[in-house]
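With compact mmCIF, C-alpha atoms inside, this is model.txt:
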```
# COMPACT_ATOMS: atom_id res chain seq x y z
CA MET A 1 -13.05 -79.49 -52.56
CA PRO A 2 -15.58 -77.41 -54.53
CA ARG A 3 -19.16 -77.97 -53.51
CA THR A 4 -22.66 -76.73 -54.22
CA ILE A 5 -25.07 -75.87 -51.44
CA GLN A 6 -28.72 -76.19 -52.41
CA ILE A 7 -31.47 -74.57 -50.36
CA ASP A 8 -34.63 -76.28 -51.55
CA PRO A 9 -37.24 -75.11 -50.97
CA ILE A 10 -36.82 -71.51 -49.91
CA THR A 11 -39.37 -71.12 -47.14
CA ARG A 12 -41.59 -68.20 -46.23
CA ILE A 13 -41.85 -66.80 -49.74
CA GLU A 14 -44.74 -66.29 -52.16
CA GLY A 15 -44.23 -69.17 -54.56
CA HIS A 16 -41.76 -72.00 -55.05
CA ALA A 17 -38.03 -71.47 -55.53
CA ARG A 18 -34.62 -72.70 -54.57
CA VAL A 19 -31.10 -71.26 -54.41
CA GLU A 20 -27.88 -72.98 -55.45
CA VAL A 21 -24.57 -71.61 -54.14
CA ASP A 22 -21.24 -72.74 -55.63
CA ILE A 23 -18.28 -72.65 -53.23
CA ASP A 24 -14.64 -73.23 -54.16
CA ASP A 25 -11.71 -74.83 -52.30
CA ASN A 26 -11.06 -71.57 -50.43
CA ASN A 27 -14.61 -71.48 -49.09
CA GLU A 28 -15.38 -68.55 -51.38
CA VAL A 29 -18.74 -68.18 -53.12
CA THR A 30 -18.13 -68.29 -56.87
CA ASN A 31 -21.70 -68.23 -58.17
CA THR A 32 -25.32 -68.22 -57.05
CA VAL A 33 -28.38 -69.29 -59.01
CA PHE A 34 -31.97 -68.39 -58.08
CA LYS A 35 -34.42 -70.91 -59.53
CA VAL A 36 -38.17 -70.35 -59.65
CA MET A 37 -39.59 -73.84 -59.93
CA ASP A 38 -43.29 -73.31 -60.68
CA PHE A 39 -44.59 -72.56 -64.17
CA ARG A 40 -47.53 -70.16 -64.00
CA GLY A 41 -48.38 -69.55 -67.67
CA TRP A 42 -50.53 -66.45 -67.21
CA GLU A 43 -49.34 -64.77 -70.40
CA THR A 44 -50.47 -67.80 -72.38
CA PHE A 45 -53.83 -68.75 -70.93
CA LEU A 46 -55.07 -65.14 -70.88
CA ARG A 47 -54.98 -65.09 -74.67
CA GLY A 48 -58.49 -65.04 -76.05
CA THR A 49 -59.91 -63.54 -72.84
CA ARG A 50 -61.92 -60.33 -73.11
CA VAL A 51 -59.71 -57.53 -71.83
CA GLU A 52 -62.34 -56.21 -69.43
CA MET A 53 -62.19 -59.55 -67.59
CA MET A 54 -58.53 -59.08 -66.65
CA PRO A 55 -59.20 -57.18 -63.39
CA SER A 56 -61.28 -60.13 -62.17
CA ILE A 57 -58.88 -62.86 -63.29
CA THR A 58 -55.37 -61.58 -62.57
CA PRO A 59 -55.79 -61.12 -58.78
CA ARG A 60 -55.54 -64.93 -58.61
CA ILE A 61 -51.84 -64.56 -59.42
CA CYS A 62 -51.21 -63.99 -55.71
CA GLY A 63 -53.26 -64.02 -52.53
CA THR A 64 -50.97 -61.67 -50.62
CA CYS A 65 -50.85 -58.83 -53.16
CA SER A 66 -54.02 -59.54 -55.15
CA VAL A 67 -55.06 -55.87 -54.83
CA SER A 68 -52.03 -54.83 -56.89
CA HIS A 69 -52.80 -57.29 -59.69
CA HIS A 70 -56.44 -56.19 -59.67
CA LEU A 71 -55.67 -52.47 -59.97
CA ALA A 72 -52.82 -52.86 -62.46
CA SER A 73 -55.19 -54.70 -64.78
CA ALA A 74 -57.95 -52.13 -64.21
CA LYS A 75 -55.57 -49.32 -65.19
CA ALA A 76 -54.53 -51.24 -68.30
CA VAL A 77 -58.14 -51.80 -69.33
CA ASP A 78 -58.91 -48.09 -68.78
CA SER A 79 -56.08 -47.37 -71.21
CA VAL A 80 -57.32 -49.93 -73.74
CA PHE A 81 -60.74 -48.25 -73.87
CA GLY A 82 -59.35 -44.71 -73.63
CA VAL A 83 -61.32 -43.73 -70.52
CA THR A 84 -60.35 -41.68 -67.49
CA PRO A 85 -62.06 -42.68 -64.22
CA PRO A 86 -63.78 -39.86 -62.27
CA ARG A 87 -61.94 -38.47 -59.24
CA PRO A 88 -64.12 -40.37 -56.69
CA ALA A 89 -63.22 -43.64 -58.42
CA VAL A 90 -59.52 -42.76 -58.36
CA LEU A 91 -59.77 -41.99 -54.64
CA LEU A 92 -61.43 -45.35 -54.02
CA ARG A 93 -58.74 -47.14 -56.01
CA TYR A 94 -56.03 -45.28 -54.10
CA ALA A 95 -57.64 -46.25 -50.79
CA LEU A 96 -57.99 -49.88 -51.91
CA ASN A 97 -54.34 -49.93 -52.95
CA LEU A 98 -53.19 -48.48 -49.63
CA ALA A 99 -55.21 -51.07 -47.72
CA GLY A 100 -53.51 -53.69 -49.88
CA TYR A 101 -50.15 -52.30 -48.81
CA LEU A 102 -51.14 -52.49 -45.14
CA HIS A 103 -52.15 -56.11 -45.64
CA SER A 104 -49.14 -57.20 -47.67
CA HIS A 105 -46.49 -55.28 -45.73
CA SER A 106 -47.82 -56.38 -42.35
CA VAL A 107 -47.76 -60.02 -43.49
CA HIS A 108 -44.27 -59.63 -44.97
CA ILE A 109 -42.75 -57.77 -42.03
CA PHE A 110 -44.17 -59.81 -39.19
CA ALA A 111 -45.05 -63.24 -40.62
CA LEU A 112 -42.37 -63.75 -43.28
CA ALA A 113 -39.39 -61.70 -42.05
CA GLY A 114 -40.45 -61.10 -38.45
CA PRO A 115 -39.34 -64.46 -37.03
CA ASP A 116 -35.80 -63.84 -38.30
CA LEU A 117 -35.68 -60.22 -37.19
CA LEU A 118 -37.45 -60.43 -33.84
CA LEU A 119 -36.26 -63.87 -32.71
CA GLY A 120 -32.79 -63.56 -34.24
CA ILE A 121 -31.11 -65.47 -37.04
CA ASP A 122 -29.32 -67.64 -34.48
CA ALA A 123 -32.59 -68.86 -32.97
CA ASP A 124 -33.57 -72.52 -33.27
CA PRO A 125 -34.99 -72.93 -36.82
CA ALA A 126 -37.73 -75.16 -35.41
CA LYS A 127 -39.01 -72.19 -33.40
CA ARG A 128 -37.99 -69.37 -35.74
CA ASN A 129 -41.38 -69.12 -37.39
CA ILE A 130 -44.70 -67.38 -36.92
CA MET A 131 -45.78 -69.76 -34.14
CA GLY A 132 -42.52 -69.16 -32.31
CA LEU A 133 -43.03 -65.42 -32.69
CA ILE A 134 -46.52 -65.68 -31.21
CA GLU A 135 -45.15 -67.68 -28.29
CA THR A 136 -42.21 -65.37 -27.63
CA ASN A 137 -43.75 -61.97 -28.47
CA PRO A 138 -47.52 -62.43 -28.07
CA ALA A 139 -48.25 -58.70 -27.76
CA VAL A 140 -46.40 -57.85 -30.97
CA ALA A 141 -47.93 -60.78 -32.84
CA LYS A 142 -51.42 -59.82 -31.69
CA LYS A 143 -51.02 -56.24 -32.90
CA ALA A 144 -49.59 -57.37 -36.24
CA LEU A 145 -52.52 -59.76 -36.76
CA GLU A 146 -54.95 -57.00 -35.76
CA LEU A 147 -53.41 -54.70 -38.37
CA ARG A 148 -53.81 -57.39 -41.00
CA ALA A 149 -57.45 -57.89 -39.98
CA ILE A 150 -58.16 -54.15 -40.25
CA SER A 151 -56.63 -53.98 -43.72
CA THR A 152 -58.61 -57.02 -44.85
CA ARG A 153 -61.88 -55.44 -43.68
CA ILE A 154 -61.09 -52.25 -45.61
CA ILE A 155 -60.18 -54.23 -48.73
CA GLU A 156 -63.45 -56.15 -48.48
CA ALA A 157 -65.51 -52.97 -48.02
CA ILE A 158 -63.99 -51.18 -51.02
CA GLY A 159 -62.89 -54.10 -53.17
CA GLY A 160 -65.87 -56.40 -52.71
CA ARG A 161 -63.73 -59.23 -51.32
CA GLY A 162 -61.05 -59.43 -48.67
CA ILE A 163 -58.86 -61.41 -51.08
CA HIS A 164 -59.05 -61.25 -54.89
CA PRO A 165 -61.06 -57.97 -55.09
CA VAL A 166 -63.52 -57.37 -57.93
CA SER A 167 -64.69 -53.75 -57.64
CA ALA A 168 -62.34 -51.96 -60.06
CA VAL A 169 -63.83 -52.11 -63.55
CA VAL A 170 -63.14 -50.42 -66.86
CA GLY A 171 -63.69 -46.70 -66.35
CA GLY A 172 -63.68 -46.68 -62.55
CA MET A 173 -65.41 -48.63 -59.80
CA ALA A 174 -68.45 -50.90 -59.76
CA ALA A 175 -70.00 -49.26 -56.68
CA ALA A 176 -69.76 -46.07 -54.66
CA LEU A 177 -68.90 -45.83 -50.96
CA ASP A 178 -71.69 -44.45 -48.76
CA LYS A 179 -70.91 -42.03 -45.93
CA GLU A 180 -71.84 -44.43 -43.14
CA LYS A 181 -69.44 -47.06 -44.44
CA ARG A 182 -66.80 -44.38 -45.01
CA ASP A 183 -67.05 -43.31 -41.38
CA GLN A 184 -66.65 -46.91 -40.25
CA LEU A 185 -63.58 -47.34 -42.45
CA ARG A 186 -62.17 -44.04 -41.19
CA ARG A 187 -62.28 -45.34 -37.62
CA GLN A 188 -60.66 -48.60 -38.71
CA ALA A 189 -57.94 -46.68 -40.55
CA GLU A 190 -57.20 -44.60 -37.44
CA LYS A 191 -56.74 -47.81 -35.45
CA GLY A 192 -54.47 -49.09 -38.19
CA LEU A 193 -52.36 -45.93 -38.07
CA ALA A 194 -51.99 -46.22 -34.29
CA LEU A 195 -50.86 -49.84 -34.66
CA CYS A 196 -48.41 -48.96 -37.45
CA THR A 197 -46.89 -46.17 -35.36
CA GLU A 198 -46.37 -48.51 -32.44
CA LEU A 199 -45.10 -51.48 -34.44
CA PHE A 200 -42.78 -49.22 -36.44
CA HIS A 201 -40.47 -48.66 -33.49
CA VAL A 202 -40.73 -52.26 -32.26
CA LEU A 203 -38.79 -53.36 -35.32
CA LYS A 204 -36.99 -50.26 -36.56
CA ASP A 205 -35.09 -49.29 -33.40
CA PRO A 206 -33.37 -52.63 -32.67
CA LEU A 207 -32.71 -53.24 -36.37
CA MET A 208 -31.03 -49.87 -36.93
CA GLY A 209 -29.06 -50.39 -33.73
CA ASN A 210 -27.50 -53.62 -35.00
CA VAL A 211 -24.80 -52.02 -37.15
CA ALA A 212 -22.96 -55.26 -37.96
CA PHE A 213 -26.17 -56.86 -39.18
CA VAL A 214 -27.17 -53.83 -41.25
CA GLU A 215 -23.78 -53.74 -42.96
CA SER A 216 -23.61 -57.51 -43.55
CA LEU A 217 -24.76 -57.52 -47.19
CA PRO A 218 -24.40 -54.23 -49.11
CA LEU A 219 -25.33 -54.50 -52.79
CA SER A 220 -24.52 -51.56 -55.03
CA THR A 221 -27.15 -51.82 -57.78
CA HIS A 222 -29.55 -49.83 -59.91
CA TYR A 223 -33.05 -49.25 -58.55
CA LEU A 224 -36.41 -48.79 -60.27
CA GLY A 225 -39.51 -47.25 -58.72
CA LEU A 226 -42.67 -45.29 -59.43
CA VAL A 227 -42.57 -41.59 -58.53
CA ASN A 228 -45.10 -38.78 -58.96
CA ASP A 229 -43.45 -35.35 -59.30
CA GLY A 230 -40.54 -36.84 -57.41
CA MET A 231 -42.66 -38.05 -54.49
CA LEU A 232 -43.44 -41.65 -53.55
CA ASP A 233 -46.63 -42.88 -55.20
CA PHE A 234 -47.91 -46.44 -55.26
CA TYR A 235 -50.63 -45.87 -57.88
CA GLN A 236 -49.45 -43.57 -60.65
CA GLY A 237 -46.55 -41.46 -61.90
CA ALA A 238 -43.38 -42.00 -63.93
CA LEU A 239 -40.74 -44.71 -63.71
CA CYS A 240 -37.42 -43.65 -62.23
CA LEU A 241 -34.20 -45.64 -62.68
CA MET A 242 -31.53 -44.69 -60.14
CA ALA A 243 -27.89 -45.62 -60.73
CA PRO A 244 -25.67 -46.76 -57.84
CA ASP A 245 -24.16 -43.26 -57.68
CA GLY A 246 -27.60 -41.64 -57.37
CA GLU A 247 -28.02 -40.46 -60.97
CA LYS A 248 -31.67 -40.67 -62.07
CA PHE A 249 -33.27 -41.48 -65.42
CA THR A 250 -37.05 -41.03 -65.63
CA PHE A 251 -39.34 -42.32 -68.35
CA SER A 252 -43.08 -42.50 -68.99
CA VAL A 253 -45.00 -45.60 -67.98
CA ALA A 254 -46.55 -45.57 -71.46
CA ASN A 255 -43.10 -46.37 -72.87
CA TRP A 256 -42.11 -49.04 -70.37
CA THR A 257 -41.80 -51.77 -73.01
CA ALA A 258 -39.03 -49.76 -74.69
CA HIS A 259 -36.99 -49.77 -71.50
CA LEU A 260 -37.81 -52.97 -69.58
CA VAL A 261 -36.59 -56.01 -71.47
CA GLU A 262 -37.16 -59.60 -70.39
CA GLU A 263 -34.83 -62.49 -71.02
CA THR A 264 -35.20 -66.16 -70.23
CA VAL A 265 -32.59 -68.12 -68.32
CA PRO A 266 -32.17 -71.91 -68.47
CA ALA A 267 -32.22 -72.43 -64.71
CA SER A 268 -35.55 -70.77 -63.91
CA TYR A 269 -39.14 -70.50 -65.08
CA ALA A 270 -39.11 -66.83 -64.04
CA LYS A 271 -37.86 -64.37 -66.62
CA PHE A 272 -35.23 -61.84 -65.68
CA VAL A 273 -35.57 -58.17 -66.55
CA LEU A 274 -33.11 -55.49 -67.65
CA CYS A 275 -33.69 -51.75 -67.89
CA ARG A 276 -32.41 -49.83 -70.90
CA LYS A 277 -32.08 -46.08 -71.20
CA ASP A 278 -32.44 -46.35 -74.97
CA GLY A 279 -32.83 -49.10 -77.51
CA ASN A 280 -29.12 -49.50 -78.10
CA ASP A 281 -27.63 -50.16 -74.69
CA GLU A 282 -27.42 -53.64 -73.22
CA GLY A 283 -29.46 -52.76 -70.17
CA VAL A 284 -28.78 -53.10 -66.49
CA PRO A 285 -30.21 -55.36 -63.78
CA TYR A 286 -32.00 -53.49 -61.05
CA ARG A 287 -33.77 -53.94 -57.75
CA VAL A 288 -37.38 -53.00 -57.05
CA GLY A 289 -39.65 -52.93 -54.02
CA PRO A 290 -39.49 -50.74 -50.90
CA LEU A 291 -35.76 -49.99 -50.92
CA ALA A 292 -35.85 -49.08 -54.61
CA ARG A 293 -38.90 -46.83 -54.23
CA ILE A 294 -37.43 -45.03 -51.22
CA ASN A 295 -34.15 -44.52 -53.06
CA CYS A 296 -35.88 -43.19 -56.19
CA CYS A 297 -38.26 -40.75 -54.51
CA ASP A 298 -37.46 -37.29 -53.13
CA GLY A 299 -39.80 -37.76 -50.19
CA MET A 300 -43.26 -38.78 -48.95
CA ASP A 301 -46.30 -36.53 -48.67
CA THR A 302 -47.28 -37.72 -45.18
CA PRO A 303 -45.64 -36.11 -42.13
CA LEU A 304 -44.73 -39.07 -39.90
CA ALA A 305 -43.25 -41.25 -42.63
CA ASN A 306 -41.43 -38.34 -44.26
CA ALA A 307 -39.85 -37.30 -40.96
CA GLU A 308 -38.59 -40.84 -40.45
CA LEU A 309 -37.27 -40.90 -44.02
CA ARG A 310 -35.31 -37.67 -43.53
CA ALA A 311 -33.75 -39.02 -40.33
CA PHE A 312 -32.94 -42.30 -42.07
CA ARG A 313 -31.16 -40.56 -44.94
CA LYS A 314 -28.94 -38.64 -42.53
CA THR A 315 -27.66 -42.00 -41.30
CA ALA A 316 -27.85 -44.24 -44.37
CA GLY A 317 -27.33 -41.73 -47.17
CA SER A 318 -29.05 -41.81 -50.54
CA PRO A 319 -29.11 -44.14 -52.30
CA ALA A 320 -28.90 -46.70 -49.51
CA HIS A 321 -27.45 -50.01 -50.68
CA GLU A 322 -27.59 -52.20 -47.56
CA THR A 323 -29.97 -55.05 -48.32
CA VAL A 324 -31.24 -55.17 -44.73
CA PHE A 325 -32.74 -51.74 -45.35
CA TYR A 326 -35.50 -53.46 -47.31
CA HIS A 327 -37.08 -54.09 -43.90
CA ILE A 328 -36.63 -50.49 -42.74
CA THR A 329 -38.01 -49.00 -45.94
CA ARG A 330 -40.94 -51.42 -45.85
CA LEU A 331 -41.73 -49.98 -42.42
CA PHE A 332 -41.62 -46.46 -43.90
CA GLU A 333 -44.11 -47.51 -46.56
CA LEU A 334 -46.34 -49.19 -43.99
CA LEU A 335 -46.49 -45.98 -41.95
CA HIS A 336 -47.00 -43.85 -45.07
CA ALA A 337 -49.85 -46.07 -46.30
CA ALA A 338 -51.62 -45.85 -42.94
CA GLU A 339 -51.29 -42.05 -42.84
CA LYS A 340 -52.40 -41.63 -46.45
CA LEU A 341 -55.41 -43.92 -46.01
CA VAL A 342 -56.74 -41.79 -43.14
CA GLU A 343 -56.21 -38.68 -45.28
CA LEU A 344 -58.11 -40.13 -48.24
CA LEU A 345 -61.04 -41.24 -46.10
CA ASP A 346 -61.32 -37.65 -44.84
CA ASP A 347 -61.97 -36.46 -48.40
CA ASP A 348 -65.74 -36.20 -48.94
CA ASP A 349 -65.31 -36.82 -52.67
CA ILE A 350 -64.58 -40.44 -51.87
CA CYS A 351 -68.31 -40.80 -51.09
CA ALA A 352 -69.51 -39.24 -54.35
CA THR A 353 -71.67 -41.41 -56.58
CA ASP A 354 -69.90 -40.53 -59.83
CA VAL A 355 -67.55 -43.50 -59.85
CA ARG A 356 -67.45 -44.66 -63.47
CA THR A 357 -66.86 -43.33 -66.96
CA ILE A 358 -68.65 -45.58 -69.43
CA PRO A 359 -66.47 -46.39 -72.47
CA ASP A 360 -67.72 -45.02 -75.77
CA LYS A 361 -64.81 -46.05 -78.01
CA ALA A 362 -63.68 -49.28 -79.56
CA PRO A 363 -60.90 -50.99 -77.60
CA GLY A 364 -57.37 -50.24 -78.69
CA HIS A 365 -53.91 -50.67 -77.21
CA GLY A 366 -53.12 -49.77 -73.61
CA THR A 367 -50.77 -50.13 -70.68
CA GLY A 368 -51.09 -50.01 -66.92
CA ILE A 369 -48.43 -49.99 -64.22
CA LEU A 370 -48.79 -50.05 -60.46
CA GLY A 371 -46.23 -49.97 -57.68
CA ALA A 372 -46.86 -53.36 -56.04
CA PRO A 373 -45.53 -54.10 -52.53
CA ARG A 374 -42.58 -56.16 -53.76
CA GLY A 375 -42.04 -54.57 -57.17
CA LEU A 376 -43.62 -53.10 -60.28
CA ASP A 377 -46.78 -54.64 -61.67
CA PRO A 378 -47.14 -53.84 -65.40
CA ARG A 379 -49.91 -54.90 -67.77
CA LEU A 380 -49.94 -54.82 -71.56
CA PRO A 381 -53.17 -56.34 -72.94
CA GLY A 382 -52.92 -57.19 -76.61
CA LYS A 383 -55.53 -55.98 -79.06
CA ARG A 384 -57.73 -58.36 -81.03
CA ARG A 385 -61.26 -56.96 -81.17
CA GLY A 386 -61.31 -56.43 -77.43
CA TYR A 387 -59.65 -59.71 -76.55
CA CYS A 388 -56.23 -60.50 -75.13
CA GLY A 389 -54.25 -61.62 -78.13
CA GLY A 390 -52.45 -60.35 -81.19
CA SER A 391 -49.52 -58.72 -79.50
CA GLU A 392 -48.65 -60.83 -76.50
CA PRO A 393 -50.70 -59.99 -73.40
CA ASP A 394 -48.25 -59.18 -70.67
CA CYS A 395 -48.73 -60.03 -67.02
CA ARG A 396 -45.18 -59.43 -65.92
CA HIS A 397 -44.43 -58.84 -62.30
CA PRO A 398 -40.71 -58.03 -62.04
CA ALA A 399 -40.34 -58.68 -58.34
CA GLU A 400 -37.24 -58.76 -56.17
CA TYR A 401 -35.13 -61.02 -58.32
CA PRO A 402 -31.57 -61.56 -57.04
CA GLY A 403 -30.42 -60.15 -60.36
CA ASN A 404 -29.97 -61.07 -63.97
CA GLN A 405 -28.04 -64.32 -64.17
CA ARG A 406 -26.23 -63.28 -67.33
CA HIS A 407 -24.63 -60.61 -65.15
CA ARG A 408 -24.22 -63.12 -62.29
CA GLY A 409 -26.71 -60.95 -60.46
CA PRO A 410 -25.77 -58.52 -57.76
CA VAL A 411 -25.89 -61.26 -55.13
CA GLY A 412 -23.30 -63.73 -56.41
CA PRO A 413 -20.14 -61.61 -56.51
CA GLN A 414 -20.87 -59.79 -53.27
CA LEU A 415 -21.49 -62.97 -51.30
CA SER A 416 -17.88 -63.85 -52.06
CA GLY A 417 -16.00 -64.83 -48.93
CA LYS A 418 -19.06 -64.80 -46.69
CA ALA A 419 -19.73 -68.54 -46.70
CA GLY A 420 -17.19 -69.07 -43.94
CA ARG A 421 -18.58 -66.17 -41.95
CA GLY A 422 -22.06 -67.54 -41.61
CA VAL A 423 -24.20 -66.11 -44.40
CA VAL A 424 -24.44 -69.59 -45.90
CA GLU A 425 -24.07 -72.36 -43.35
CA ARG A 426 -25.15 -75.99 -43.19
CA HIS A 427 -27.33 -75.73 -46.27
CA ARG A 428 -29.20 -72.76 -44.81
CA ILE A 429 -29.03 -69.11 -45.74
CA ARG A 430 -28.68 -67.45 -42.36
CA TYR A 431 -30.26 -64.27 -43.54
CA PRO A 432 -33.74 -62.85 -43.00
CA LEU A 433 -36.28 -62.91 -45.78
CA LEU A 434 -36.27 -59.75 -47.87
```
Give the structure from the file, written as structure tokens.
Amino acid sequence: MPRTIQIDPITRIEGHARVEVDIDDNNEVTNTVFKVMDFRGWETFLRGTRVEMMPSITPRICGTCSVSHHLASAKAVDSVFGVTPPRPAVLLRYALNLAGYLHSHSVHIFALAGPDLLLGIDADPAKRNIMGLIETNPAVAKKALELRAISTRIIEAIGGRGIHPVSAVVGGMAAALDKEKRDQLRRQAEKGLALCTELFHVLKDPLMGNVAFVESLPLSTHYLGLVNDGMLDFYQGALCLMAPDGEKFTFSVANWTAHLVEETVPASYAKFVLCRKDGNDEGVPYRVGPLARINCCDGMDTPLANAELRAFRKTAGSPAHETVFYHITRLFELLHAAEKLVELLDDDDICATDVRTIPDKAPGHGTGILGAPRGLDPRLPGKRRGYCGGSEPDCRHPAEYPGNQRHRGPVGPQLSGKAGRGVVERHRIRYPLL
């Protein structure tokens, strides 16, 4: 008889959600619903707040990727006041963002997804967790925790706090980085790069070698990512929408509200987002995050990560649709962030004292978008004499939604028939966190 499997709560995620899977008499999946259960309300309670306070407030949205929320708001406030930060400030923001990627990706890869990937999805659920990983693979766990510690120290040094940074302000940064501290961070970044290089192959080689697992859930979707002259960039650039056949459509971040359209769904507090090429089309659901960014970019400007990307594309093609590749592409980004951070800390301009452009204009309207670890992080502060208000202040974070439910998402139709083959079994999704 038809039945509904409910996985509640989904564990090892940032937030609170559940999944409901409808299965018919033939054991075929007929529909899936992703429900975000917590109401955050950021767009409402930020109204009336002075816009320059946003970089200090919005990092509280998330403890894992607070750097992204901090910098996205800082970029939006720069735009509101019409100021361009000096190059040393941009370098510091870039470095802070890269350290945030090291922190978030290391936590995601080894603490959230690692137990599934390194212990195996058939392992005892009671032991398939971070404590089980430490017990079974103590050397790997120690190195992953060391990488997280290094990234946290760098975030604290540049951002003012290890979690919820405060240093990015309107027009640049609140403080410069002295040469002695830069040299200390440079040594820490080198250690981080060595750890990333080693951990990269610990996970990548066995994962790529498991062909059946890699091919277990292909999803042919659109992808959206931030690119800068075609290259991967976490901080700035243009937005690129890639179709399932590889066709690209690029648009300016300043016009993102004309292309990214939210809609509410009755089953979830989280809004779902569509991307339109123009104002007349219905829009398409899309995926974001590491796989989307790697699909949308032409390459990376760091040698180790770019070499791995070229080898990957010879095997997986472009675009790559296998959902498991989220883990592989997250490893690429981890390696790229470590390489790029060392490169930035070698630039003497990062120690210059000219780190802020003081605003000399009345606040207006502005936007800011950042490539956050799990998706795009846009900001649209409203204008009301320098306060959030008037037009709705926007703190959207279109993360890795399973898809727009009006379109039944990409997940629902392509799970069809897999319930009897072990993707959904005994009220558990036997699939590693993405």
Practice problem: Could you give me, as number ranges by chain, the residues within 12 Å of segment 126-139 of chain A, counting all atoms listed in the file and dropping anything in the same chain fewer than 2 positions from it? | Solution: A: 11-12, 107-124, 141-146, 195, 198-199, 202, 430, 432-433
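You will find atom CA of Trp256 of chain A at 14.5 Å from atom CA of Tyr286 of chain A.
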Quick one: residues within 9 Å of Gly171 of chain A, only C-alpha atoms counted, chain neighbours fewer than 2 positions away excluded, as a compact mmCIF listing (two decimals) with C-alpha atoms, in the coordinates of the input?
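result.txt written:
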```txt
# COMPACT_ATOMS: atom_id res chain seq x y z
CA ALA A 74 -57.95 -52.13 -64.21
CA LYS A 75 -55.57 -49.32 -65.19
CA VAL A 77 -58.14 -51.80 -69.33
CA ASP A 78 -58.91 -48.09 -68.78
CA PHE A 81 -60.74 -48.25 -73.87
CA GLY A 82 -59.35 -44.71 -73.63
CA VAL A 83 -61.32 -43.73 -70.52
CA THR A 84 -60.35 -41.68 -67.49
CA PRO A 85 -62.06 -42.68 -64.22
CA PRO A 86 -63.78 -39.86 -62.27
CA ALA A 89 -63.22 -43.64 -58.42
CA ALA A 168 -62.34 -51.96 -60.06
CA VAL A 169 -63.83 -52.11 -63.55
CA MET A 173 -65.41 -48.63 -59.80
CA VAL A 355 -67.55 -43.50 -59.85
CA ARG A 356 -67.45 -44.66 -63.47
CA THR A 357 -66.86 -43.33 -66.96
CA ILE A 358 -68.65 -45.58 -69.43
CA PRO A 359 -66.47 -46.39 -72.47
```
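For the residues A:Val80, A:Ile294, A:Val90, A:Val166, ranking by smallest atom-to-atom distance to Thr58 of chain A using only C-alpha atoms places A:Val166 first.
Picture a line from atom CA of Val265 of chain A to atom CA of Thr64 of chain A; it runs 26.3 Å.
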Quiz item: Counting all atoms listed in the file, what is within 8 Å of Met242 of chain A, bar same-chain residues fewer than 6 positions away, as a PyMOL selection string?
Solution: chain A and resi 222-224+248-249+295-296
Preceding selection exported with C-alpha atoms as a compact mmCIF listing (two decimals), keeping the file's coordinate frame:
```txt
# COMPACT_ATOMS: atom_id res chain seq x y z
CA HIS A 222 -29.55 -49.83 -59.91
CA TYR A 223 -33.05 -49.25 -58.55
CA LEU A 224 -36.41 -48.79 -60.27
CA LYS A 248 -31.67 -40.67 -62.07
CA PHE A 249 -33.27 -41.48 -65.42
CA ASN A 295 -34.15 -44.52 -53.06
CA CYS A 296 -35.88 -43.19 -56.19
```
Could you put an axis-aligned box around every listed atom of segment 247-253 of chain A, padded by 3 Å on each side, and send me its centre and edge lengths in Å to one decimal, as AutoDock Vina command-line options?
```
--center_x -36.5 --center_y -43.0 --center_z -65.0 --size_x 23.0 --size_y 11.1 --size_z 14.0
```
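Picture a line from atom CA of His16 of chain A to atom CA of Cys65 of chain A; it runs 16.1 Å.
Shell of Glu263 of chain A at 7 Å, with all atoms listed in the file counted and residues fewer than 2 places along the chain excluded, is Val261, Val265, Lys271, Phe272 and Val273 of chain A.
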Counting only C-alpha atoms, which residues of segment 50-149 of chain A sit at most 9 Å from some atom of segment 371-377 of chain A, and what is each one's closest atom pair with its distance in Å to one decimal, listed by chain and rising residue number, as a Markdown table?
```
| residue | atom | partner | partner_atom | distance |
| --- | --- | --- | --- | --- |
| A:Cys65 | CA | A:Pro373 | CA | 7.1 |
| A:Val67 | CA | A:Ala372 | CA | 8.7 |
| A:Ser68 | CA | A:Ala372 | CA | 5.4 |
| A:His69 | CA | A:Asp377 | CA | 6.9 |
| A:Ala72 | CA | A:Asp377 | CA | 6.3 |
| A:Ser73 | CA | A:Asp377 | CA | 9.0 |
| A:Asn97 | CA | A:Ala372 | CA | 8.8 |
| A:Gly100 | CA | A:Pro373 | CA | 8.4 |
| A:Tyr101 | CA | A:Pro373 | CA | 6.2 |
| A:Ser104 | CA | A:Pro373 | CA | 6.8 |
| A:His105 | CA | A:Pro373 | CA | 7.0 |
```
With C-alpha atoms retained, export the selected residues as a PDB file, keeping the file's coordinate frame.
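again.pdb written:
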```
ATOM      1  CA  CYS A  65     -50.850 -58.830 -53.160  1.00  0.00           C
ATOM      2  CA  VAL A  67     -55.060 -55.870 -54.830  1.00  0.00           C
ATOM      3  CA  SER A  68     -52.030 -54.830 -56.890  1.00  0.00           C
ATOM      4  CA  HIS A  69     -52.800 -57.290 -59.690  1.00  0.00           C
ATOM      5  CA  ALA A  72     -52.820 -52.860 -62.460  1.00  0.00           C
ATOM      6  CA  SER A  73     -55.190 -54.700 -64.780  1.00  0.00           C
ATOM      7  CA  ASN A  97     -54.340 -49.930 -52.950  1.00  0.00           C
ATOM      8  CA  GLY A 100     -53.510 -53.690 -49.880  1.00  0.00           C
ATOM      9  CA  TYR A 101     -50.150 -52.300 -48.810  1.00  0.00           C
ATOM     10  CA  SER A 104     -49.140 -57.200 -47.670  1.00  0.00           C
ATOM     11  CA  HIS A 105     -46.490 -55.280 -45.730  1.00  0.00           C
TER      12      HIS A 105
END
```
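Closest to Leu91 of chain A among A:Met1, A:Cys388, A:Ile350, A:Leu241 is A:Ile350, based on only C-alpha atoms.
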